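Shown below: work-v6.txt, with compact mmCIF, C-alpha atoms.
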# COMPACT_ATOMS: atom_id res chain seq x y z
CA MET A 1 149.69 91.72 10.44
CA ASN A 2 153.35 90.83 10.91
CA LEU A 3 154.16 89.48 14.34
CA GLU A 4 157.21 90.67 16.21
CA PRO A 5 159.69 87.96 17.23
CA GLU A 6 158.99 88.63 20.90
CA VAL A 7 155.25 88.09 20.35
CA ILE A 8 155.90 84.86 18.45
CA ALA A 9 158.13 83.61 21.28
CA ARG A 10 155.49 84.39 23.92
CA ILE A 11 152.74 82.59 22.03
CA GLU A 12 154.89 79.53 21.33
CA ALA A 13 155.96 79.38 24.98
CA ALA A 14 152.31 79.53 26.03
CA VAL A 15 151.55 76.47 23.86
CA ASP A 16 154.42 74.59 25.49
CA GLU A 17 153.28 75.51 28.99
CA ALA A 18 149.78 74.14 28.43
CA PHE A 19 150.70 71.20 26.23
CA ASP A 20 150.38 68.53 28.92
CA ALA A 21 146.85 69.75 29.58
CA GLN A 22 146.13 69.81 25.86
CA LEU A 23 147.33 66.23 25.49
CA ALA A 24 145.23 65.10 28.47
CA PHE A 25 142.15 66.77 27.00
CA THR A 26 142.76 65.09 23.64
CA GLN A 27 143.06 61.71 25.36
CA GLU A 28 139.77 62.31 27.15
CA LEU A 29 138.11 63.15 23.82
CA VAL A 30 139.39 59.89 22.32
CA ARG A 31 137.97 57.95 25.26
CA HIS A 32 134.49 59.07 24.20
CA PRO A 33 133.60 56.77 21.28
CA SER A 34 131.86 59.30 19.05
CA LEU A 35 130.66 56.95 16.34
CA ARG A 36 127.97 58.14 13.96
CA THR A 37 124.76 59.19 15.80
CA ARG A 38 126.56 58.54 19.11
CA GLU A 39 128.56 61.75 19.38
CA SER A 40 126.69 63.26 22.33
CA SER A 41 129.12 62.54 25.17
CA ALA A 42 132.08 63.85 23.18
CA GLN A 43 130.05 66.91 22.21
CA ASP A 44 129.28 67.42 25.90
CA LEU A 45 133.01 67.56 26.50
CA MET A 46 133.53 70.07 23.69
CA TYR A 47 130.63 72.21 24.88
CA GLU A 48 131.98 72.34 28.44
CA ALA A 49 135.48 73.17 27.20
CA MET A 50 134.21 76.05 25.08
CA GLU A 51 131.87 77.34 27.76
CA ARG A 52 134.71 77.41 30.31
CA ARG A 53 136.57 79.71 27.95
CA GLY A 54 133.73 82.22 28.09
CA LEU A 55 132.56 81.64 24.52
CA ALA A 56 128.97 82.35 23.49
CA MET A 57 127.52 78.89 23.06
CA ASP A 58 125.24 77.41 20.40
CA ARG A 59 124.19 73.76 20.26
CA TRP A 60 121.52 72.41 17.97
CA GLU A 61 120.19 69.18 16.53
CA LEU A 62 120.66 68.74 12.80
CA ASP A 63 117.45 69.26 10.83
CA PRO A 64 117.15 66.65 8.02
CA GLU A 65 114.51 68.60 6.11
CA GLU A 66 116.46 71.85 6.13
CA ILE A 67 119.76 70.18 5.25
CA SER A 68 118.25 68.10 2.43
CA ALA A 69 117.15 71.28 0.66
CA HIS A 70 120.79 72.28 0.07
CA PRO A 71 122.41 71.10 -3.19
CA GLY A 72 125.57 70.01 -1.35
CA ALA A 73 123.76 67.83 1.18
CA GLY A 74 124.48 64.16 1.57
CA LYS A 75 121.62 61.68 1.52
CA ILE A 76 120.34 61.12 5.05
CA LYS A 77 119.71 57.44 5.84
CA VAL A 78 119.83 57.58 9.66
CA SER A 79 117.87 59.40 12.34
CA TYR A 80 119.32 62.77 13.31
CA GLU A 81 117.64 62.68 16.69
CA GLY A 82 120.36 63.65 19.17
CA VAL A 83 122.90 64.38 16.41
CA GLU A 84 124.18 67.86 17.27
CA ASN A 85 126.68 70.53 16.32
CA VAL A 86 128.45 72.65 18.92
CA VAL A 87 129.72 76.16 18.17
CA GLY A 88 131.39 78.58 20.55
CA THR A 89 131.92 82.18 19.48
CA TYR A 90 134.53 84.68 20.65
CA THR A 91 133.62 88.30 19.97
CA PRO A 92 136.31 90.96 20.53
CA ALA A 93 135.53 93.97 22.64
CA GLN A 94 136.93 96.43 20.09
CA GLY A 95 136.82 94.50 16.82
CA GLY A 96 138.28 95.51 13.50
CA GLY A 97 140.21 92.30 12.89
CA ARG A 98 139.46 89.63 10.31
CA SER A 99 137.09 86.86 11.34
CA LEU A 100 137.91 83.16 11.45
CA ILE A 101 136.21 79.77 11.68
CA LEU A 102 138.17 77.02 13.41
CA ASN A 103 136.35 73.85 12.39
CA GLY A 104 136.70 70.18 13.21
CA HIS A 105 134.59 67.05 13.20
CA ILE A 106 133.75 65.05 16.31
CA ASP A 107 132.52 61.89 14.55
CA VAL A 108 134.82 58.94 13.98
CA VAL A 109 134.65 55.88 11.73
CA PRO A 110 133.89 52.41 13.17
CA GLU A 111 136.80 50.69 14.87
CA GLY A 112 136.39 47.34 13.10
CA PRO A 113 137.27 44.06 14.83
CA VAL A 114 138.62 45.15 18.22
CA GLU A 115 140.78 42.03 18.51
CA GLU A 116 142.87 43.28 15.59
CA TRP A 117 143.97 46.34 17.58
CA THR A 118 147.09 46.11 19.73
CA ARG A 119 145.02 47.64 22.55
CA SER A 120 141.53 49.04 22.96
CA PRO A 121 140.65 51.68 20.35
CA TRP A 122 139.37 53.88 23.18
CA ASP A 123 142.24 53.71 25.71
CA ALA A 124 144.18 56.68 24.25
CA PRO A 125 147.69 55.84 25.54
CA VAL A 126 150.78 57.80 24.55
CA ILE A 127 153.53 55.38 23.49
CA ASP A 128 156.89 56.34 21.99
CA GLY A 129 155.67 59.78 21.01
CA TRP A 130 152.37 58.69 19.48
CA LEU A 131 148.85 59.14 20.85
CA TYR A 132 146.79 56.06 19.95
CA GLY A 133 143.08 55.51 19.54
CA ARG A 134 140.22 55.79 17.09
CA GLY A 135 139.85 59.44 16.19
CA SER A 136 143.17 60.46 17.72
CA GLY A 137 144.41 61.75 14.38
CA ASP A 138 141.13 62.02 12.52
CA MET A 139 140.55 64.46 14.04
CA LYS A 140 140.30 64.96 17.79
CA ALA A 141 143.89 66.17 18.09
CA GLY A 142 142.93 68.97 15.70
CA LEU A 143 139.74 69.84 17.59
CA ALA A 144 141.75 70.21 20.80
CA ALA A 145 144.49 72.17 19.01
CA ASN A 146 141.96 74.80 17.93
CA LEU A 147 141.00 75.53 21.54
CA PHE A 148 144.50 75.42 23.00
CA ALA A 149 145.90 77.59 20.22
CA TYR A 150 143.36 80.24 21.21
CA ASP A 151 144.35 79.77 24.87
CA ALA A 152 147.98 80.42 23.98
CA VAL A 153 147.15 83.79 22.46
CA LEU A 154 145.36 84.78 25.67
CA LYS A 155 148.07 83.43 27.95
CA ALA A 156 150.66 85.41 26.00
CA GLY A 157 148.85 88.56 27.10
CA PHE A 158 146.69 89.28 24.05
CA VAL A 159 143.16 88.86 22.74
CA PRO A 160 142.26 88.37 19.05
CA ALA A 161 140.91 91.47 17.33
CA GLY A 162 138.59 89.47 15.09
CA ARG A 163 135.58 87.24 15.73
CA ILE A 164 136.25 83.49 15.98
CA HIS A 165 133.76 80.64 15.68
CA PHE A 166 134.94 77.32 17.14
CA GLN A 167 132.96 74.54 15.45
CA SER A 168 132.69 70.90 16.52
CA VAL A 169 130.54 69.22 13.88
CA ALA A 170 129.03 65.80 13.25
CA GLU A 171 128.60 63.85 9.99
CA GLU A 172 131.95 64.66 8.37
CA GLU A 173 132.79 61.00 7.80
CA CYS A 174 129.58 60.20 5.90
CA THR A 175 127.75 63.24 4.47
CA GLY A 176 129.42 66.54 5.35
CA ASN A 177 126.02 67.68 6.59
CA GLY A 178 127.34 68.92 9.94
CA SER A 179 129.51 71.66 8.44
CA LEU A 180 126.80 72.37 5.88
CA ALA A 181 124.38 72.97 8.75
CA THR A 182 126.70 75.63 10.19
CA ILE A 183 126.48 77.77 7.06
CA GLN A 184 122.71 77.28 7.00
CA ARG A 185 122.73 78.50 10.61
CA GLY A 186 124.40 81.70 9.44
CA TYR A 187 128.03 81.17 10.45
CA ARG A 188 130.49 82.85 8.14
CA ALA A 189 134.02 84.25 8.40
CA ASP A 190 136.83 85.66 6.30
CA ALA A 191 138.76 82.38 6.44
CA VAL A 192 138.38 78.82 7.70
CA LEU A 193 141.06 76.58 9.18
CA ILE A 194 140.45 72.84 9.64
CA PRO A 195 143.30 70.89 11.31
CA GLU A 196 142.68 67.49 9.72
CA PRO A 197 145.64 65.05 9.84
CA GLU A 198 147.53 66.28 6.77
CA GLU A 199 151.18 65.45 7.55
CA ASP A 200 152.14 69.04 8.47
CA MET A 201 151.01 70.18 5.02
CA LEU A 202 148.23 72.23 3.42
CA VAL A 203 145.69 70.62 1.12
CA ARG A 204 145.56 72.30 -2.28
CA ALA A 205 142.77 70.19 -3.76
CA ASN A 206 140.63 67.18 -2.95
CA VAL A 207 137.99 65.03 -4.56
CA GLY A 208 134.25 65.00 -4.17
CA VAL A 209 132.56 61.82 -3.01
CA ILE A 210 129.32 59.95 -3.68
CA TRP A 211 128.11 57.09 -1.50
CA PHE A 212 125.64 54.68 -3.05
CA THR A 213 124.15 51.22 -2.75
CA VAL A 214 123.72 48.91 -5.73
CA ARG A 215 121.01 46.26 -5.36
CA VAL A 216 121.21 43.30 -7.72
CA ALA A 217 118.35 40.82 -8.14
CA GLY A 218 118.78 37.09 -8.71
CA HIS A 219 116.59 34.04 -9.12
CA PRO A 220 116.60 31.65 -6.14
CA THR A 221 116.60 27.87 -6.50
CA HIS A 222 117.75 24.85 -4.51
CA PRO A 223 121.51 24.19 -4.86
CA ARG A 224 120.74 20.82 -6.51
CA GLU A 225 119.33 22.88 -9.40
CA MET A 226 121.80 25.73 -9.08
CA THR A 227 122.40 26.12 -12.80
CA SER A 228 118.71 26.82 -13.35
CA GLY A 229 118.86 29.74 -10.92
CA PHE A 230 120.76 32.96 -11.05
CA ASN A 231 123.18 33.93 -8.27
CA ALA A 232 122.77 37.61 -7.33
CA ILE A 233 126.12 37.70 -5.48
CA ASP A 234 127.95 36.50 -8.60
CA ALA A 235 126.03 39.10 -10.62
CA ALA A 236 126.97 41.85 -8.16
CA HIS A 237 130.66 41.14 -8.68
CA HIS A 238 130.08 41.52 -12.42
CA VAL A 239 128.34 44.87 -11.83
CA MET A 240 131.26 46.06 -9.70
CA GLY A 241 133.57 45.12 -12.55
CA ARG A 242 131.60 47.39 -14.88
CA LEU A 243 131.85 50.20 -12.34
CA ARG A 244 135.62 49.62 -12.25
CA GLU A 245 135.66 50.32 -15.99
CA LEU A 246 134.11 53.74 -15.29
CA GLU A 247 136.70 54.24 -12.55
CA ARG A 248 139.46 53.55 -15.07
CA ARG A 249 137.95 55.99 -17.58
CA TRP A 250 137.83 58.74 -14.98
CA ASN A 251 141.42 58.07 -13.94
CA ASP A 252 142.47 58.29 -17.59
CA GLU A 253 141.11 61.85 -17.59
CA LYS A 254 143.36 63.06 -14.76
CA ASP A 255 145.52 65.21 -17.08
CA ARG A 256 142.47 67.40 -17.69
CA HIS A 257 142.21 68.24 -13.98
CA PRO A 258 144.84 70.58 -12.46
CA TYR A 259 146.61 69.30 -9.34
CA PHE A 260 145.54 65.70 -10.05
CA GLU A 261 147.68 64.94 -13.09
CA ASP A 262 150.64 63.66 -11.05
CA LEU A 263 148.65 61.30 -8.82
CA ASP A 264 148.88 57.63 -9.77
CA HIS A 265 145.23 56.83 -9.09
CA PRO A 266 143.23 59.91 -8.00
CA ILE A 267 139.78 58.37 -8.54
CA ASN A 268 138.88 55.40 -6.36
CA PHE A 269 135.67 53.38 -6.31
CA ASN A 270 135.80 51.64 -2.96
CA LEU A 271 133.66 48.55 -2.42
CA GLY A 272 133.09 49.16 1.28
CA GLY A 273 130.48 46.49 2.04
CA ILE A 274 128.60 43.59 0.54
CA THR A 275 125.57 41.71 1.82
CA GLY A 276 123.35 39.19 0.11
CA GLY A 277 121.41 35.97 0.20
CA ASP A 278 119.12 34.51 2.80
CA TRP A 279 120.13 30.86 3.21
CA PRO A 280 123.25 28.76 2.58
CA SER A 281 121.17 26.18 0.72
CA SER A 282 119.46 28.65 -1.60
CA VAL A 283 120.88 30.36 -4.65
CA PRO A 284 120.99 34.05 -3.53
CA ALA A 285 118.04 36.11 -4.68
CA TRP A 286 119.60 39.47 -3.85
CA CYS A 287 122.87 41.24 -3.15
CA GLU A 288 123.74 44.78 -2.10
CA LEU A 289 127.04 46.58 -2.64
CA GLN A 290 128.04 49.64 -0.61
CA VAL A 291 130.26 51.82 -2.80
CA ARG A 292 132.16 55.07 -2.37
CA ALA A 293 133.09 56.84 -5.62
CA ALA A 294 135.37 59.86 -5.99
CA LEU A 295 135.02 62.69 -8.52
CA TYR A 296 137.25 65.54 -9.62
CA PRO A 297 136.74 69.19 -8.64
CA GLY A 298 134.72 70.88 -11.33
CA VAL A 299 132.66 67.75 -12.01
CA SER A 300 129.15 68.10 -10.65
CA ALA A 301 127.79 65.41 -8.40
CA ASP A 302 124.74 65.24 -10.66
CA ASP A 303 126.87 64.53 -13.73
CA ALA A 304 128.96 61.90 -11.93
CA TRP A 305 125.84 60.21 -10.58
CA GLU A 306 124.27 60.13 -14.06
CA GLN A 307 127.36 58.35 -15.40
CA ILE A 308 127.21 55.83 -12.56
CA GLU A 309 123.52 55.19 -13.18
CA GLU A 310 124.19 54.80 -16.91
CA VAL A 311 126.63 51.99 -16.16
CA LEU A 312 124.03 50.28 -13.98
CA ARG A 313 121.32 50.66 -16.64
CA ASP A 314 123.61 49.30 -19.35
CA THR A 315 124.72 46.28 -17.33
CA THR A 316 121.88 44.00 -18.38
CA THR A 317 123.66 40.65 -18.66
CA ASP A 318 126.74 38.95 -17.25
CA ASP A 319 129.46 37.32 -19.35
CA ALA A 320 127.38 34.13 -19.64
CA GLY A 321 124.34 36.02 -20.89
CA ASN A 322 122.36 35.80 -17.65
CA PRO A 323 120.03 38.79 -17.16
CA ILE A 324 121.05 41.40 -14.57
CA GLN A 325 118.93 44.04 -12.91
CA ALA A 326 121.06 46.53 -10.96
CA VAL A 327 119.60 49.60 -9.27
CA GLY A 328 121.57 52.35 -7.51
CA GLU A 329 120.52 54.47 -4.55
CA ARG A 330 122.44 57.35 -2.97
CA THR A 331 123.16 56.68 0.69
CA GLY A 332 125.45 59.42 2.03
CA PHE A 333 128.01 61.80 0.53
CA TYR A 334 126.87 63.72 -2.53
CA SER A 335 129.69 66.21 -2.54
CA GLU A 336 131.78 67.96 -5.11
CA GLY A 337 135.53 68.42 -4.88
CA TYR A 338 137.30 71.74 -4.56
CA VAL A 339 140.58 73.51 -5.18
CA LEU A 340 142.01 76.06 -2.75
CA PRO A 341 143.01 78.95 -5.04
CA GLU A 342 146.69 79.83 -4.89
CA GLY A 343 147.76 83.19 -3.57
CA THR A 344 145.02 83.96 -1.07
CA GLU A 345 145.99 86.21 1.81
CA ALA A 346 144.85 83.54 4.25
CA GLU A 347 147.33 81.06 2.79
CA ASP A 348 150.10 83.66 2.89
CA VAL A 349 149.44 84.23 6.60
CA LEU A 350 149.46 80.50 7.28
CA ARG A 351 152.72 80.17 5.38
CA GLY A 352 154.27 82.76 7.64
CA ALA A 353 153.02 81.01 10.77
CA HIS A 354 154.27 77.63 9.55
CA ARG A 355 157.66 79.08 8.64
CA ALA A 356 158.06 80.60 12.11
CA VAL A 357 157.34 77.27 13.83
CA PHE A 358 158.81 74.69 11.47
CA GLU A 359 161.65 76.82 10.08
CA GLU A 360 160.82 75.59 6.59
CA GLU A 361 158.38 76.46 3.82
CA LEU A 362 154.85 75.10 3.93
CA ARG A 363 154.24 72.30 1.43
CA THR A 364 150.93 71.69 -0.33
CA PHE A 365 149.48 68.50 -1.78
CA THR A 366 146.39 67.03 -3.41
CA THR A 367 144.41 64.35 -1.62
CA PRO A 368 141.99 61.79 -3.08
CA GLY A 369 139.99 61.99 0.14
CA TYR A 370 136.95 63.98 1.24
CA LEU A 371 137.26 67.16 3.33
CA ASP A 372 134.66 69.54 4.81
CA GLY A 373 136.64 72.45 3.43
CA ARG A 374 134.53 72.12 0.28
CA VAL A 375 131.50 73.44 2.20
CA TYR A 376 133.07 76.86 2.76
CA THR A 377 134.93 77.16 -0.53
CA LEU A 378 132.09 76.05 -2.80
CA TYR A 379 129.13 77.61 -1.02
CA GLN A 380 130.59 80.69 0.68
CA GLY A 381 133.60 81.50 -1.50
CA VAL A 382 135.82 81.52 1.59
CA PRO A 383 139.41 80.15 1.62
CA ALA A 384 139.39 76.90 3.61
CA LEU A 385 142.82 75.94 4.93
CA VAL A 386 142.97 72.22 5.70
CA TYR A 387 146.25 71.82 7.56
CA GLY A 388 147.14 69.47 10.37
CA PRO A 389 149.45 67.01 12.10
CA ILE A 390 151.22 63.82 11.11
CA SER A 391 149.19 60.65 11.69
CA GLU A 392 149.22 56.99 10.80
CA ALA A 393 146.51 54.36 10.23
CA ILE A 394 143.52 56.71 10.23
CA HIS A 395 140.43 54.55 9.51
CA GLY A 396 142.67 51.53 10.25
CA TYR A 397 143.91 49.52 13.23
CA ASP A 398 146.05 51.30 15.84
CA GLU A 399 145.27 54.80 14.57
CA ARG A 400 147.76 57.27 16.03
CA VAL A 401 148.90 60.87 15.83
CA ASP A 402 152.42 62.22 16.33
CA VAL A 403 152.49 64.16 19.59
CA GLU A 404 155.27 66.59 18.68
CA SER A 405 153.62 67.27 15.35
CA VAL A 406 150.45 68.22 17.26
CA ARG A 407 152.50 70.59 19.41
CA ARG A 408 153.97 72.31 16.34
CA ILE A 409 150.64 72.51 14.52
CA THR A 410 149.07 74.07 17.62
CA LYS A 411 151.76 76.73 17.58
CA SER A 412 151.10 77.38 13.88
CA ILE A 413 147.37 77.75 14.50
CA ALA A 414 148.01 80.11 17.41
CA LEU A 415 150.28 82.29 15.29
CA PHE A 416 147.75 82.18 12.46
CA ILE A 417 145.02 83.40 14.83
CA ALA A 418 147.27 86.22 15.96
CA ALA A 419 148.36 87.30 12.49
CA TRP A 420 145.01 86.78 10.74
CA CYS A 421 142.65 88.22 13.33
CA GLY A 422 145.09 90.77 14.71
CA LEU A 423 145.91 91.30 18.37
CA GLU A 424 144.82 93.59 21.15
CA GLN A 425 146.48 93.84 24.53
CA ALA A 426 144.52 91.90 27.11
CA SER A 427 142.97 94.17 29.72

As structure tokens, how would this structure be written, given the file I've shared?
Amino acid sequence: MNLEPEVIARIEAAVDEAFDAQLAFTQELVRHPSLRTRESSAQDLMYEAMERRGLAMDRWELDPEEISAHPGAGKIKVSYEGVENVVGTYTPAQGGGRSLILNGHIDVVPEGPVEEWTRSPWDAPVIDGWLYGRGSGDMKAGLAANLFAYDAVLKAGFVPAGRIHFQSVAEEECTGNGSLATIQRGYRADAVLIPEPEEDMLVRANVGVIWFTVRVAGHPTHPREMTSGFNAIDAAHHVMGRLRELERRWNDEKDRHPYFEDLDHPINFNLGGITGGDWPSSVPAWCELQVRAALYPGVSADDAWEQIEEVLRDTTTDDAGNPIQAVGERTGFYSEGYVLPEGTEAEDVLRGAHRAVFEEELRTFTTPGYLDGRVYTLYQGVPALVYGPISEAIHGYDERVDVESVRRITKSIALFIAAWCGLEQAS
């Protein structure tokens, strides 16, 4: 539906009126360190916020056996005891409007050495127009925006005419299993909006991701006889070099993949961790590499994994002829990338909302990062709009999100709710 200027003005004014409260709620969310498997207190906050809004509540613990049966599931290497999703559902009295999922993830990545931050990662101060803290941009500002955008529609004197599911999910940063569990639970809608920190833009395409560990065996000896042994840590670096060759081959294929041809380096193999050896005075007998590999949309995770395993099988010696035994094991993400088709009605509605707020056309871009939007696009055939505020240093020190960008994005989401779901006069 097309929104009248007076309706747009009322909804935008309602966002402004509640924005101090929205910012305070976002700060409180950041102050709950929702690291992997430790999301409960932040989920408590989300549950209470949804329940106060009169939503029909659903909270459940992720089921590893059920999730693992899905082809898009990530490998589960931790206990899911206490790892929960929270969903609140608004159901219109009359109905007839299009349905919507407003999704966001509650989990955050580790903060790293705290002493490298300018201040505590969990203090959530606002300084010079930026809200700081781990998860501020990725993506607690977006989670809060979903709720307060809905509030603005109500405060403007309307109710949405379509059903809305508000989802706060776990496991986005490591497997994507949280959002996957929502579709296994039966949640579905005509469109999905996920306000990840995307620089006031819409994601057109993004990569899939595989997490894996490579274990390399060595032959331990005393350092006085080091040349008679075989150093597994040295061998692991050689193995990573062979994986880099595969990375280069995949990057050389970028012209065959629409939306990725103009990126300098769309495929990244990130060496995210390395451990090895047992004793400073022993030649290391073992080494493990923690690797994150990207893959193009249209490439199956099975095919990508087979190519990775082929490299490991073929890496049998190092440059000096020493024997190498390298074995890979999947440890998290096993996801395929996706492309948001151009020209969907959902995108057209979002473009109109963005234009009304920003007074400029919505830009799209391709990201070499993972997004939960793939869950809905690949497995439900639903347009997933990943669109959110400006941020800096996500996954880094002094993560922060631009406060005024959050305000504008909240207005866009509110107008999208109104135009996509339709409006009824509040009774």

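The spacing separating atom CA of A:Pro113 from atom CA of A:Asp398 amounts to 11.4 Å.
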
message = Applying 8 Å and only C-alpha atoms, which residues near stretch 163-180 of chain A remain after dropping the ones on its own chain fewer than 2 positions away? List them as a ChimeraX atom specification.
response = /A:36,39,43,46,62,67,72-76,83-92,95,97-109,143,146-147,160-161,182-184,187,189,332-335,371-372,375,421

Please produce a file of the residues just selected, as a CSV table (one decimal), in the frame of the given file, where the atoms kept are C-alpha atoms.
chain,number,residue,atom,x,y,z
A,36,ARG,CA,128.0,58.1,14.0
A,39,GLU,CA,128.6,61.8,19.4
A,43,GLN,CA,130.0,66.9,22.2
A,46,MET,CA,133.5,70.1,23.7
A,62,LEU,CA,120.7,68.7,12.8
A,67,ILE,CA,119.8,70.2,5.2
A,72,GLY,CA,125.6,70.0,-1.4
A,73,ALA,CA,123.8,67.8,1.2
A,74,GLY,CA,124.5,64.2,1.6
A,75,LYS,CA,121.6,61.7,1.5
A,76,ILE,CA,120.3,61.1,5.0
A,83,VAL,CA,122.9,64.4,16.4
A,84,GLU,CA,124.2,67.9,17.3
A,85,ASN,CA,126.7,70.5,16.3
A,86,VAL,CA,128.4,72.6,18.9
A,87,VAL,CA,129.7,76.2,18.2
A,88,GLY,CA,131.4,78.6,20.6
A,89,THR,CA,131.9,82.2,19.5
A,90,TYR,CA,134.5,84.7,20.6
A,91,THR,CA,133.6,88.3,20.0
A,92,PRO,CA,136.3,91.0,20.5
A,95,GLY,CA,136.8,94.5,16.8
A,97,GLY,CA,140.2,92.3,12.9
A,98,ARG,CA,139.5,89.6,10.3
A,99,SER,CA,137.1,86.9,11.3
A,100,LEU,CA,137.9,83.2,11.4
A,101,ILE,CA,136.2,79.8,11.7
A,102,LEU,CA,138.2,77.0,13.4
A,103,ASN,CA,136.4,73.8,12.4
A,104,GLY,CA,136.7,70.2,13.2
A,105,HIS,CA,134.6,67.0,13.2
A,106,ILE,CA,133.8,65.0,16.3
A,107,ASP,CA,132.5,61.9,14.6
A,108,VAL,CA,134.8,58.9,14.0
A,109,VAL,CA,134.6,55.9,11.7
A,143,LEU,CA,139.7,69.8,17.6
A,146,ASN,CA,142.0,74.8,17.9
A,147,LEU,CA,141.0,75.5,21.5
A,160,PRO,CA,142.3,88.4,19.0
A,161,ALA,CA,140.9,91.5,17.3
A,182,THR,CA,126.7,75.6,10.2
A,183,ILE,CA,126.5,77.8,7.1
A,184,GLN,CA,122.7,77.3,7.0
A,187,TYR,CA,128.0,81.2,10.4
A,189,ALA,CA,134.0,84.2,8.4
A,332,GLY,CA,125.4,59.4,2.0
A,333,PHE,CA,128.0,61.8,0.5
A,334,TYR,CA,126.9,63.7,-2.5
A,335,SER,CA,129.7,66.2,-2.5
A,371,LEU,CA,137.3,67.2,3.3
A,372,ASP,CA,134.7,69.5,4.8
A,375,VAL,CA,131.5,73.4,2.2
A,421,CYS,CA,142.6,88.2,13.3

Identify, on the basis of all atoms listed in the file, every residue whose closest approach to A:Pro258 does not exceed 12 Å; exclude the query and any residue fewer than 6 positions from it along the same chain; express the result as a tab-separated table (two decimals) with C-alpha atoms, keeping the file's coordinate frame.
chain	number	residue	atom	x	y	z
A	204	ARG	CA	145.56	72.30	-2.28
A	205	ALA	CA	142.77	70.19	-3.76
A	206	ASN	CA	140.63	67.18	-2.95
A	207	VAL	CA	137.99	65.03	-4.56
A	266	PRO	CA	143.23	59.91	-8.00
A	296	TYR	CA	137.25	65.54	-9.62
A	297	PRO	CA	136.74	69.19	-8.64
A	298	GLY	CA	134.72	70.88	-11.33
A	338	TYR	CA	137.30	71.74	-4.56
A	339	VAL	CA	140.58	73.51	-5.18
A	340	LEU	CA	142.01	76.06	-2.75
A	341	PRO	CA	143.01	78.95	-5.04
A	365	PHE	CA	149.48	68.50	-1.78
A	366	THR	CA	146.39	67.03	-3.41

inquiry  = Report as a VMD selection string all protein, DNA and RNA residues lying within 10 Å of A:Ala141, evaluated on all atoms listed in the file, omitting residues in the same chain fewer than 2 positions from it.
reply    = chain A and resid 22 to 23 25 to 27 29 to 30 104 131 135 to 139 143 to 146 195 to 197 388 to 389 391 400 to 403 406 to 407 409 to 410

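What separates atom CA of A:Asp278 from atom CA of A:Val214 is a distance of 17.4 Å.
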
Which residues of stretch 137-241 of chain A come within 10 Å of stretch 303-310 of chain A, and what is each one's closest atom pair and distance in Å (one decimal), counting all atoms listed in the file, sorted by chain and residue number, as a Markdown table?
| residue | atom | partner | partner_atom | distance |
| --- | --- | --- | --- | --- |
| A:Gly208 | CA | A:Ala304 | CA | 9.9 |
| A:Val209 | CA | A:Ala304 | CA | 9.6 |
| A:Ile210 | CA | A:Trp305 | CA | 7.7 |
| A:Trp211 | CA | A:Trp305 | CA | 9.9 |
| A:Phe212 | CA | A:Trp305 | CA | 9.3 |
| A:Val214 | CA | A:Glu309 | CA | 9.7 |

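Atom pair atom CA of A:Val386 / atom CA of A:Gly157 has a distance of 27.6 Å (rounded to one decimal).
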
inquiry  = as a VMD selection string, please: the residues near stretch 151-155 of chain A (cut-off 10 Å, only C-alpha atoms, same-chain neighbours under 3 positions excluded).
reply    = chain A and resid 7 to 8 10 to 19 53 145 to 148 158 to 160 410 to 411 413 to 415 417 to 418 423 to 426

Resulting file, chosen residues, C-alpha atoms, as a tab-separated table (two decimals), in the frame of the given file:
chain	number	residue	atom	x	y	z
A	7	VAL	CA	155.25	88.09	20.35
A	8	ILE	CA	155.90	84.86	18.45
A	10	ARG	CA	155.49	84.39	23.92
A	11	ILE	CA	152.74	82.59	22.03
A	12	GLU	CA	154.89	79.53	21.33
A	13	ALA	CA	155.96	79.38	24.98
A	14	ALA	CA	152.31	79.53	26.03
A	15	VAL	CA	151.55	76.47	23.86
A	16	ASP	CA	154.42	74.59	25.49
A	17	GLU	CA	153.28	75.51	28.99
A	18	ALA	CA	149.78	74.14	28.43
A	19	PHE	CA	150.70	71.20	26.23
A	53	ARG	CA	136.57	79.71	27.95
A	145	ALA	CA	144.49	72.17	19.01
A	146	ASN	CA	141.96	74.80	17.93
A	147	LEU	CA	141.00	75.53	21.54
A	148	PHE	CA	144.50	75.42	23.00
A	158	PHE	CA	146.69	89.28	24.05
A	159	VAL	CA	143.16	88.86	22.74
A	160	PRO	CA	142.26	88.37	19.05
A	410	THR	CA	149.07	74.07	17.62
A	411	LYS	CA	151.76	76.73	17.58
A	413	ILE	CA	147.37	77.75	14.50
A	414	ALA	CA	148.01	80.11	17.41
A	415	LEU	CA	150.28	82.29	15.29
A	417	ILE	CA	145.02	83.40	14.83
A	418	ALA	CA	147.27	86.22	15.96
A	423	LEU	CA	145.91	91.30	18.37
A	424	GLU	CA	144.82	93.59	21.15
A	425	GLN	CA	146.48	93.84	24.53
A	426	ALA	CA	144.52	91.90	27.11

query = Between A:Tyr80, A:Phe269, A:Trp420, A:Trp60, which is the closest to A:Asp348 once you count only C-alpha atoms?
reply = A:Trp420

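By chain and then residue number, the residues within 12 Å of A:Thr213 are Lys75, Lys77, Ala236, Val239, Met240, Asn270, Leu271, Gly272, Gly273, Ile274, Thr275, Cys287, Glu288, Leu289, Gln290, Val291, Arg292, Ala293, Ile308, Glu309, Leu312, Ala326, Val327, Gly328, Glu329, Arg330, Thr331, Gly332 and Phe333 of chain A, counting all atoms listed in the file and disregarding those fewer than 5 positions away in sequence.
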
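Comparing A:Lys140, A:Arg242, A:Arg374, A:His395 by their smallest distance to A:Arg313, the closest is A:Arg242 (using all atoms listed in the file).
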